[in-house]
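> Here you go, structure02.pdb (PDB, C-alpha atoms):
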ATOM      1  CA  MET M  38      90.555 116.462 109.164
ATOM      2  CA  ILE M  39      90.084 112.921 107.841
ATOM      3  CA  ASN M  40      88.362 110.137 109.775
ATOM      4  CA  VAL M  41      87.654 106.812 108.064
ATOM      5  CA  GLN M  42      85.829 104.093 110.001
ATOM      6  CA  ASP M  43      84.921 100.567 108.891
ATOM      7  CA  LEU M  44      85.084 101.549 105.224
ATOM      8  CA  SER M  45      84.494  98.738 102.745
ATOM      9  CA  PHE M  46      84.315  99.059  98.972
ATOM     10  CA  SER M  47      83.809  96.611  96.105
ATOM     11  CA  TYR M  48      83.909  96.772  92.318
ATOM     12  CA  GLY M  49      81.425  94.872  90.169
ATOM     13  CA  ASN M  50      78.395  92.801  91.089
ATOM     14  CA  GLY M  51      77.481  89.172  91.686
ATOM     15  CA  GLU M  52      80.148  86.629  90.791
ATOM     16  CA  LEU M  53      82.333  89.402  89.329
ATOM     17  CA  GLN M  54      82.346  91.419  92.538
ATOM     18  CA  ARG M  55      85.803  92.110  93.955
ATOM     19  CA  GLN M  56      86.249  93.653  97.387
ATOM     20  CA  VAL M  57      89.018  96.250  97.327
ATOM     21  CA  LEU M  58      88.721  97.844 100.785
ATOM     22  CA  LYS M  59      87.865  95.834 103.915
ATOM     23  CA  GLN M  60      86.864  97.565 107.139
ATOM     24  CA  VAL M  61      89.466 100.319 106.710
ATOM     25  CA  ASN M  62      90.091 102.633 109.668
ATOM     26  CA  LEU M  63      92.287 105.714 109.301
ATOM     27  CA  SER M  64      92.440 109.040 111.127
ATOM     28  CA  ILE M  65      94.594 112.008 110.055
ATOM     29  CA  ASP M  66      94.991 115.175 112.095
ATOM     30  CA  ALA M  67      95.195 118.763 110.864
ATOM     31  CA  GLY M  68      98.643 119.603 109.522
ATOM     32  CA  GLU M  69      99.795 115.974 109.543
ATOM     33  CA  ILE M  70     101.752 114.479 106.632
ATOM     34  CA  VAL M  71     100.860 110.807 106.143
ATOM     35  CA  ILE M  72     102.328 108.506 103.513
ATOM     36  CA  MET M  73     100.397 105.402 102.499
ATOM     37  CA  THR M  74     102.356 102.516 101.012
ATOM     38  CA  GLY M  75     101.408  99.051  99.822
ATOM     39  CA  PRO M  76     101.588  96.772  96.790
ATOM     40  CA  SER M  77      99.830  97.498  93.518
ATOM     41  CA  GLY M  78      96.161  96.576  93.641
ATOM     42  CA  SER M  79      95.913  96.954  97.412
ATOM     43  CA  GLY M  80      93.286  99.713  97.162
ATOM     44  CA  LYS M  81      95.425 102.811  97.802
ATOM     45  CA  THR M  82      94.118 104.878  94.886
ATOM     46  CA  THR M  83      90.541 103.750  95.539
ATOM     47  CA  LEU M  84      90.795 104.941  99.149
ATOM     48  CA  LEU M  85      92.323 108.235  98.040
ATOM     49  CA  THR M  86      89.525 108.910  95.542
ATOM     50  CA  ILE M  87      86.829 108.142  98.141
ATOM     51  CA  ILE M  88      88.436 110.531 100.650
ATOM     52  CA  GLY M  89      88.676 113.151  97.908
ATOM     53  CA  GLY M  90      84.997 112.917  97.030
ATOM     54  CA  LEU M  91      85.780 111.558  93.581
ATOM     55  CA  ARG M  92      84.209 108.129  94.178
ATOM     56  CA  GLN M  93      81.063 107.164  96.093
ATOM     57  CA  ALA M  94      81.267 104.642  98.934
ATOM     58  CA  GLU M  95      78.235 103.024 100.555
ATOM     59  CA  GLU M  96      79.600 101.069 103.540
ATOM     60  CA  GLY M  97      81.229 102.555 106.637
ATOM     61  CA  SER M  98      82.010 106.182 107.438
ATOM     62  CA  VAL M  99      84.279 108.744 105.766
ATOM     63  CA  SER M 100      84.270 112.125 107.462
ATOM     64  CA  VAL M 101      86.372 114.805 105.741
ATOM     65  CA  LEU M 102      86.385 118.339 107.135
ATOM     66  CA  ASN M 103      83.451 117.297 109.325
ATOM     67  CA  LYS M 104      81.295 116.260 106.351
ATOM     68  CA  GLN M 105      80.129 112.679 105.766
ATOM     69  CA  LEU M 106      80.976 111.353 102.293
ATOM     70  CA  VAL M 107      79.492 107.839 102.478
ATOM     71  CA  ASN M 108      76.137 107.867 100.674
ATOM     72  CA  SER M 109      76.490 111.655 100.352
ATOM     73  CA  ILE M 110      74.772 113.848  97.789
ATOM     74  CA  GLU M 111      76.807 115.464  95.030
ATOM     75  CA  HIS M 112      76.588 118.903  96.647
ATOM     76  CA  ILE M 113      78.504 117.660  99.707
ATOM     77  CA  LYS M 114      81.220 116.071  97.575
ATOM     78  CA  VAL M 115      81.622 119.323  95.612
ATOM     79  CA  GLN M 116      82.057 121.271  98.854
ATOM     80  CA  ILE M 117      84.818 118.895  99.911
ATOM     81  CA  ARG M 118      86.549 118.926  96.523
ATOM     82  CA  GLN M 119      86.725 122.722  96.654
ATOM     83  CA  GLN M 120      88.891 122.469  99.779
ATOM     84  CA  ILE M 121      91.249 119.768  98.503
ATOM     85  CA  GLY M 122      94.287 120.054  96.261
ATOM     86  CA  TYR M 123      95.045 117.022  94.070
ATOM     87  CA  ILE M 124      98.430 115.919  92.748
ATOM     88  CA  PHE M 125      98.580 112.964  90.360
ATOM     89  CA  GLN M 126     101.330 110.749  88.936
ATOM     90  CA  GLN M 127     100.526 112.098  85.501
ATOM     91  CA  HIS M 128     100.560 115.821  86.105
ATOM     92  CA  ASN M 129      97.449 116.398  83.928
ATOM     93  CA  LEU M 130      98.592 119.807  82.718
ATOM     94  CA  LEU M 131      96.918 121.285  79.656
ATOM     95  CA  LYS M 132      99.525 121.300  76.908
ATOM     96  CA  SER M 133      98.139 124.401  75.226
ATOM     97  CA  LEU M 134      98.492 126.549  78.364
ATOM     98  CA  THR M 135     101.569 128.023  80.002
ATOM     99  CA  ALA M 136     102.637 127.082  83.527
ATOM    100  CA  VAL M 137     101.031 130.165  85.051
ATOM    101  CA  GLN M 138      97.810 129.617  83.092
ATOM    102  CA  ASN M 139      97.639 125.967  84.222
ATOM    103  CA  VAL M 140      97.964 127.007  87.858
ATOM    104  CA  SER M 141      95.520 129.894  87.432
ATOM    105  CA  MET M 142      92.808 127.504  86.200
ATOM    106  CA  ALA M 143      92.589 126.052  89.706
ATOM    107  CA  LEU M 144      91.436 129.459  90.950
ATOM    108  CA  GLU M 145      88.549 129.907  88.529
ATOM    109  CA  MET M 146      86.065 128.635  91.115
ATOM    110  CA  HIS M 147      87.182 131.482  93.409
ATOM    111  CA  SER M 148      84.754 134.107  92.185
ATOM    112  CA  ASP M 149      86.212 136.744  94.507
ATOM    113  CA  LEU M 150      89.373 136.931  92.359
ATOM    114  CA  ASN M 151      89.611 138.585  88.949
ATOM    115  CA  GLU M 152      91.913 137.256  86.229
ATOM    116  CA  ARG M 153      94.801 139.560  87.112
ATOM    117  CA  GLU M 154      94.639 138.486  90.766
ATOM    118  CA  ARG M 155      94.498 134.804  89.782
ATOM    119  CA  LEU M 156      97.572 135.144  87.579
ATOM    120  CA  LYS M 157      99.429 137.098  90.266
ATOM    121  CA  ARG M 158      98.790 134.448  92.914
ATOM    122  CA  SER M 159      99.690 131.696  90.461
ATOM    123  CA  ALA M 160     102.996 133.395  89.620
ATOM    124  CA  GLU M 161     103.775 133.690  93.338
ATOM    125  CA  LEU M 162     103.214 129.961  93.877
ATOM    126  CA  LEU M 163     105.328 129.058  90.858
ATOM    127  CA  SER M 164     108.105 131.252  92.224
ATOM    128  CA  ALA M 165     107.781 129.441  95.561
ATOM    129  CA  VAL M 166     108.419 126.099  93.817
ATOM    130  CA  GLY M 167     111.432 127.514  91.972
ATOM    131  CA  LEU M 168     109.855 128.200  88.581
ATOM    132  CA  SER M 169     109.864 132.006  88.445
ATOM    133  CA  SER M 170     111.786 131.839  85.145
ATOM    134  CA  ARG M 171     109.357 129.322  83.624
ATOM    135  CA  LEU M 172     106.009 131.081  84.102
ATOM    136  CA  HIS M 173     105.296 131.321  80.388
ATOM    137  CA  TYR M 174     106.651 127.944  79.339
ATOM    138  CA  LYS M 175     104.231 125.269  78.161
ATOM    139  CA  PRO M 176     104.421 121.717  79.581
ATOM    140  CA  ASP M 177     106.334 120.336  76.592
ATOM    141  CA  GLN M 178     109.057 122.922  77.295
ATOM    142  CA  LEU M 179     109.497 121.753  80.899
ATOM    143  CA  SER M 180     111.288 118.748  82.393
ATOM    144  CA  GLY M 181     109.350 116.068  84.239
ATOM    145  CA  GLY M 182     110.394 117.496  87.587
ATOM    146  CA  GLN M 183     109.377 120.995  86.539
ATOM    147  CA  ARG M 184     105.971 119.787  85.342
ATOM    148  CA  GLN M 185     105.383 118.100  88.696
ATOM    149  CA  ARG M 186     106.326 121.357  90.451
ATOM    150  CA  VAL M 187     103.679 123.108  88.363
ATOM    151  CA  SER M 188     101.136 120.523  89.535
ATOM    152  CA  ILE M 189     102.220 121.131  93.160
ATOM    153  CA  ALA M 190     101.722 124.870  92.688
ATOM    154  CA  ARG M 191      98.317 124.197  91.110
ATOM    155  CA  ALA M 192      97.293 122.032  94.075
ATOM    156  CA  LEU M 193      98.369 124.638  96.637
ATOM    157  CA  VAL M 194      97.282 127.864  94.947
ATOM    158  CA  GLY M 195      93.725 127.791  96.310
ATOM    159  CA  ASN M 196      94.947 127.424  99.911
ATOM    160  CA  PRO M 197      93.366 123.961 100.346
ATOM    161  CA  LYS M 198      92.974 122.426 103.783
ATOM    162  CA  ILE M 199      94.011 118.984 102.451
ATOM    163  CA  ILE M 200      96.390 117.766  99.725
ATOM    164  CA  LEU M 201      95.832 114.292  98.236
ATOM    165  CA  ALA M 202      98.754 113.023  96.159
ATOM    166  CA  ASP M 203      98.740 109.790  94.136
ATOM    167  CA  GLU M 204     102.222 108.514  93.203
ATOM    168  CA  PRO M 205     103.554 112.052  92.579
ATOM    169  CA  THR M 206     107.172 110.912  92.075
ATOM    170  CA  ALA M 207     106.589 107.754  90.034
ATOM    171  CA  SER M 208     107.807 109.250  86.751
ATOM    172  CA  LEU M 209     110.694 111.240  88.265
ATOM    173  CA  ASP M 210     114.312 110.380  88.988
ATOM    174  CA  LYS M 211     115.492 110.213  92.601
ATOM    175  CA  GLN M 212     116.682 113.817  92.911
ATOM    176  CA  SER M 213     113.731 115.372  91.081
ATOM    177  CA  GLY M 214     111.259 113.314  93.119
ATOM    178  CA  HIS M 215     112.844 114.192  96.439
ATOM    179  CA  ASP M 216     113.065 117.871  95.472
ATOM    180  CA  ALA M 217     109.390 117.951  94.472
ATOM    181  CA  VAL M 218     108.051 116.395  97.687
ATOM    182  CA  GLY M 219     110.470 118.466  99.745
ATOM    183  CA  ILE M 220     108.967 121.622  98.273
ATOM    184  CA  LEU M 221     105.469 120.248  98.873
ATOM    185  CA  LYS M 222     106.297 119.545 102.525
ATOM    186  CA  LYS M 223     107.821 122.988 103.085
ATOM    187  CA  LEU M 224     104.888 124.892 101.583
ATOM    188  CA  ALA M 225     102.312 122.677 103.299
ATOM    189  CA  ARG M 226     104.013 123.186 106.662
ATOM    190  CA  GLU M 227     103.899 126.952 106.192
ATOM    191  CA  SER M 228     100.157 126.886 105.559
ATOM    192  CA  GLY M 229      99.223 124.075 107.974
ATOM    193  CA  THR M 230      97.915 121.888 105.164
ATOM    194  CA  THR M 231      97.190 118.197 105.793
ATOM    195  CA  ILE M 232      98.763 115.779 103.292
ATOM    196  CA  LEU M 233      97.859 112.187 102.418
ATOM    197  CA  LEU M 234     100.352 110.857  99.876
ATOM    198  CA  VAL M 235     100.173 107.434  98.217
ATOM    199  CA  THR M 236     103.470 106.079  96.942
ATOM    200  CA  HIS M 237     105.618 103.054  96.105
ATOM    201  CA  ASP M 238     108.670 105.321  96.300
ATOM    202  CA  TYR M 239     110.572 104.413  99.467
ATOM    203  CA  ARG M 240     113.076 107.197  98.733
ATOM    204  CA  ILE M 241     110.644 109.860  99.995
ATOM    205  CA  LEU M 242     109.369 108.252 103.193
ATOM    206  CA  ASP M 243     111.437 110.655 105.291
ATOM    207  CA  ILE M 244     109.056 113.554 104.612
ATOM    208  CA  ALA M 245     106.224 111.855 106.523
ATOM    209  CA  ASP M 246     105.085 112.307 110.097
ATOM    210  CA  ARG M 247     103.594 108.836 109.873
ATOM    211  CA  ILE M 248     103.566 105.913 107.432
ATOM    212  CA  VAL M 249     100.620 103.536 107.057
ATOM    213  CA  GLU M 250     100.507 100.389 104.966
ATOM    214  CA  LEU M 251      97.494  99.206 103.006
ATOM    215  CA  GLU M 252      97.664  95.563 101.958
ATOM    216  CA  ASP M 253      94.820  93.462 100.551
ATOM    217  CA  GLY M 254      92.414  96.281 101.366
ATOM    218  CA  ILE M 255      93.353  96.415 105.051
ATOM    219  CA  ILE M 256      95.382  99.009 106.977
ATOM    220  CA  LYS M 257      98.259  97.101 108.537
ATOM    221  CA  ASN M 258      99.441  99.725 111.021
TER     222      ASN M 258
END
Output the file's structure in the form of structure tokens.


Amino acid sequence: MINVQDLSFSYGNGELQRQVLKQVNLSIDAGEIVIMTGPSGSGKTTLLTIIGGLRQAEEGSVSVLNKQLVNSIEHIKVQIRQQIGYIFQQHNLLKSLTAVQNVSMALEMHSDLNERERLKRSAELLSAVGLSSRLHYKPDQLSGGQRQRVSIARALVGNPKIILADEPTASLDKQSGHDAVGILKKLARESGTTILLVTHDYRILDIADRIVELEDGIIKN
């Protein structure tokens, strides 16, 4: 599903250039749940955004769903992004929309579904994450843990092949964080979804099939 080989990446130019990733190699199989740890500034988010087609890399190889992303054209990156669900530390929900409307927005690129079908599927996913009684609540009416569950439902609603999560529990207490990733693991297992999750939160490492460490731009194990 994900195969990274000899990936290097730098910010800036000339004397201001800073290398963030150095000859990174990482392979993730279909259905595998991998957690990436490492200190702040080690390049975890940069690697995640390159794999997700959100940032362009020019050195090495990044094959995602059998498509090459290094030096790729925008059309290829769009194709990849359509098959990936993203979960961020800041849930990025639209405050003016209800939970079910926020999730439904992720389905708007699915032209085969009408609005009623999008809302129905979104309500089903919200029920699956334990929010059946909060469908019509706006983000400000939800707790932090509930908002992150909405973002999990939004990431999963389009049946993505891959989930990329960047510090999804950073703003949650221990129980809320563990509950949220537990739900993510359960639903991903049911659908065979591959997960790459970046975290500093050592309380959730037990959900992973495998843990890799990125330090100073290098995969340690």

> Residues at most 12 Å from segment 73-76 of chain M, counting only C-alpha atoms, excluding those fewer than 2 positions away in the same chain, as a VMD selection string?

chain M and resid 63 65 70 to 71 78 to 82 84 to 85 201 to 204 232 to 242 245 to 258

> Applying the PyMOL selection byres ((chain M and resi 166) around 7) to the file I just gave you, which residues come out? Please list them as an mmCIF file with C-alpha atoms, in the frame of the given file.


data_model
loop_
_atom_site.group_PDB
_atom_site.id
_atom_site.type_symbol
_atom_site.label_atom_id
_atom_site.label_comp_id
_atom_site.auth_asym_id
_atom_site.auth_seq_id
_atom_site.Cartn_x
_atom_site.Cartn_y
_atom_site.Cartn_z
ATOM 1 C CA LEU M 162 103.214 129.961 93.877
ATOM 2 C CA LEU M 163 105.328 129.058 90.858
ATOM 3 C CA SER M 164 108.105 131.252 92.224
ATOM 4 C CA ALA M 165 107.781 129.441 95.561
ATOM 5 C CA GLY M 167 111.432 127.514 91.972
ATOM 6 C CA LEU M 168 109.855 128.200 88.581
ATOM 7 C CA ARG M 186 106.326 121.357 90.451
ATOM 8 C CA ALA M 190 101.722 124.870 92.688
ATOM 9 C CA ILE M 220 108.967 121.622 98.273
#

> If you measure from atom CA of Leu131 of chain M to atom CA of Val115 of chain M, what distance in Å do you get, rounded to one decimal?

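It comes out at 22.2 Å.
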
> Residues of segment 146-255 of chain M within 12 Å of segment 92-106 of chain M: nearest atom pair and distance (Å, one decimal) for each, counting all atoms listed in the file, sorted by chain and number, as CSV?


residue,atom,partner,partner_atom,distance
M:Pro197,CA,M:Leu102,CA,11.2
M:Lys198,CA,M:Leu102,CA,8.4
M:Ile199,CA,M:Leu102,CA,9.0
M:Thr231,CA,M:Leu102,CA,10.9

> Do you know which residues the PyMOL selection byres ((chain M and resi 154-156) around 9) returns on this file, as a PyMOL selection string?

chain M and resi 137-138+140-145+147+150-153+157-161

> Name the closest residue to Ala217 of chain M among the candidates M:Gln60, M:Asn129, M:Gln185, M:Thr230; distances are taken between atoms, counting only C-alpha atoms.

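Comparing M:Gln60, M:Asn129, M:Gln185, M:Thr230 against Ala217 of chain M, the winner is M:Gln185.
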
> Calculated over all atoms listed in the file, which of the candidates M:Thr83, M:Gly214, M:Asn196, M:Met38 has the smallest distance to Glu69 of chain M?

M:Met38

> For segment 140-161 of chain M, supply N, CA and C atoms and report the output as an mmCIF file, in the coordinates of the input.


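Now in part30.cif:
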data_model
loop_
_atom_site.group_PDB
_atom_site.id
_atom_site.type_symbol
_atom_site.label_atom_id
_atom_site.label_comp_id
_atom_site.auth_asym_id
_atom_site.auth_seq_id
_atom_site.Cartn_x
_atom_site.Cartn_y
_atom_site.Cartn_z
ATOM 1 N N VAL M 140 98.185 126.814 86.425
ATOM 2 C CA VAL M 140 97.964 127.007 87.858
ATOM 3 C C VAL M 140 96.748 127.901 88.085
ATOM 4 N N SER M 141 96.620 128.935 87.284
ATOM 5 C CA SER M 141 95.520 129.894 87.432
ATOM 6 C C SER M 141 94.159 129.239 87.257
ATOM 7 N N MET M 142 94.090 128.193 86.426
ATOM 8 C CA MET M 142 92.808 127.504 86.200
ATOM 9 C C MET M 142 92.212 126.971 87.495
ATOM 10 N N ALA M 143 93.077 126.601 88.439
ATOM 11 C CA ALA M 143 92.589 126.052 89.706
ATOM 12 C C ALA M 143 91.888 127.104 90.552
ATOM 13 N N LEU M 144 92.046 128.365 90.195
ATOM 14 C CA LEU M 144 91.436 129.459 90.950
ATOM 15 C C LEU M 144 90.137 129.964 90.332
ATOM 16 N N GLU M 145 89.721 129.377 89.218
ATOM 17 C CA GLU M 145 88.549 129.907 88.529
ATOM 18 C C GLU M 145 87.264 129.742 89.329
ATOM 19 N N MET M 146 87.254 128.790 90.271
ATOM 20 C CA MET M 146 86.065 128.635 91.115
ATOM 21 C C MET M 146 86.034 129.687 92.228
ATOM 22 N N HIS M 147 87.139 130.422 92.397
ATOM 23 C CA HIS M 147 87.182 131.482 93.409
ATOM 24 C C HIS M 147 86.667 132.776 92.775
ATOM 25 N N SER M 148 85.394 132.990 92.878
ATOM 26 C CA SER M 148 84.754 134.107 92.185
ATOM 27 C C SER M 148 85.158 135.465 92.744
ATOM 28 N N ASP M 149 85.811 135.476 93.921
ATOM 29 C CA ASP M 149 86.212 136.744 94.507
ATOM 30 C C ASP M 149 87.502 137.277 93.890
ATOM 31 N N LEU M 150 88.131 136.506 92.995
ATOM 32 C CA LEU M 150 89.373 136.931 92.359
ATOM 33 C C LEU M 150 89.143 137.213 90.878
ATOM 34 N N ASN M 151 89.669 138.340 90.389
ATOM 35 C CA ASN M 151 89.611 138.585 88.949
ATOM 36 C C ASN M 151 90.816 137.922 88.276
ATOM 37 N N GLU M 152 90.869 137.982 86.955
ATOM 38 C CA GLU M 152 91.913 137.256 86.229
ATOM 39 C C GLU M 152 93.311 137.736 86.612
ATOM 40 N N ARG M 153 93.484 139.035 86.758
ATOM 41 C CA ARG M 153 94.801 139.560 87.112
ATOM 42 C C ARG M 153 95.239 139.030 88.478
ATOM 43 N N GLU M 154 94.311 138.991 89.424
ATOM 44 C CA GLU M 154 94.639 138.486 90.766
ATOM 45 C C GLU M 154 94.959 136.991 90.733
ATOM 46 N N ARG M 155 94.222 136.238 89.908
ATOM 47 C CA ARG M 155 94.498 134.804 89.782
ATOM 48 C C ARG M 155 95.893 134.561 89.212
ATOM 49 N N LEU M 156 96.258 135.307 88.198
ATOM 50 C CA LEU M 156 97.572 135.144 87.579
ATOM 51 C C LEU M 156 98.683 135.578 88.532
ATOM 52 N N LYS M 157 98.430 136.617 89.302
ATOM 53 C CA LYS M 157 99.429 137.098 90.266
ATOM 54 C C LYS M 157 99.690 136.033 91.336
ATOM 55 N N ARG M 158 98.630 135.474 91.888
ATOM 56 C CA ARG M 158 98.790 134.448 92.914
ATOM 57 C C ARG M 158 99.456 133.211 92.330
ATOM 58 N N SER M 159 99.094 132.861 91.110
ATOM 59 C CA SER M 159 99.690 131.696 90.461
ATOM 60 C C SER M 159 101.187 131.899 90.240
ATOM 61 N N ALA M 160 101.574 133.093 89.823
ATOM 62 C CA ALA M 160 102.996 133.395 89.620
ATOM 63 C C ALA M 160 103.759 133.318 90.935
ATOM 64 N N GLU M 161 103.136 133.755 92.011
ATOM 65 C CA GLU M 161 103.775 133.690 93.338
ATOM 66 C C GLU M 161 104.018 132.249 93.758
#
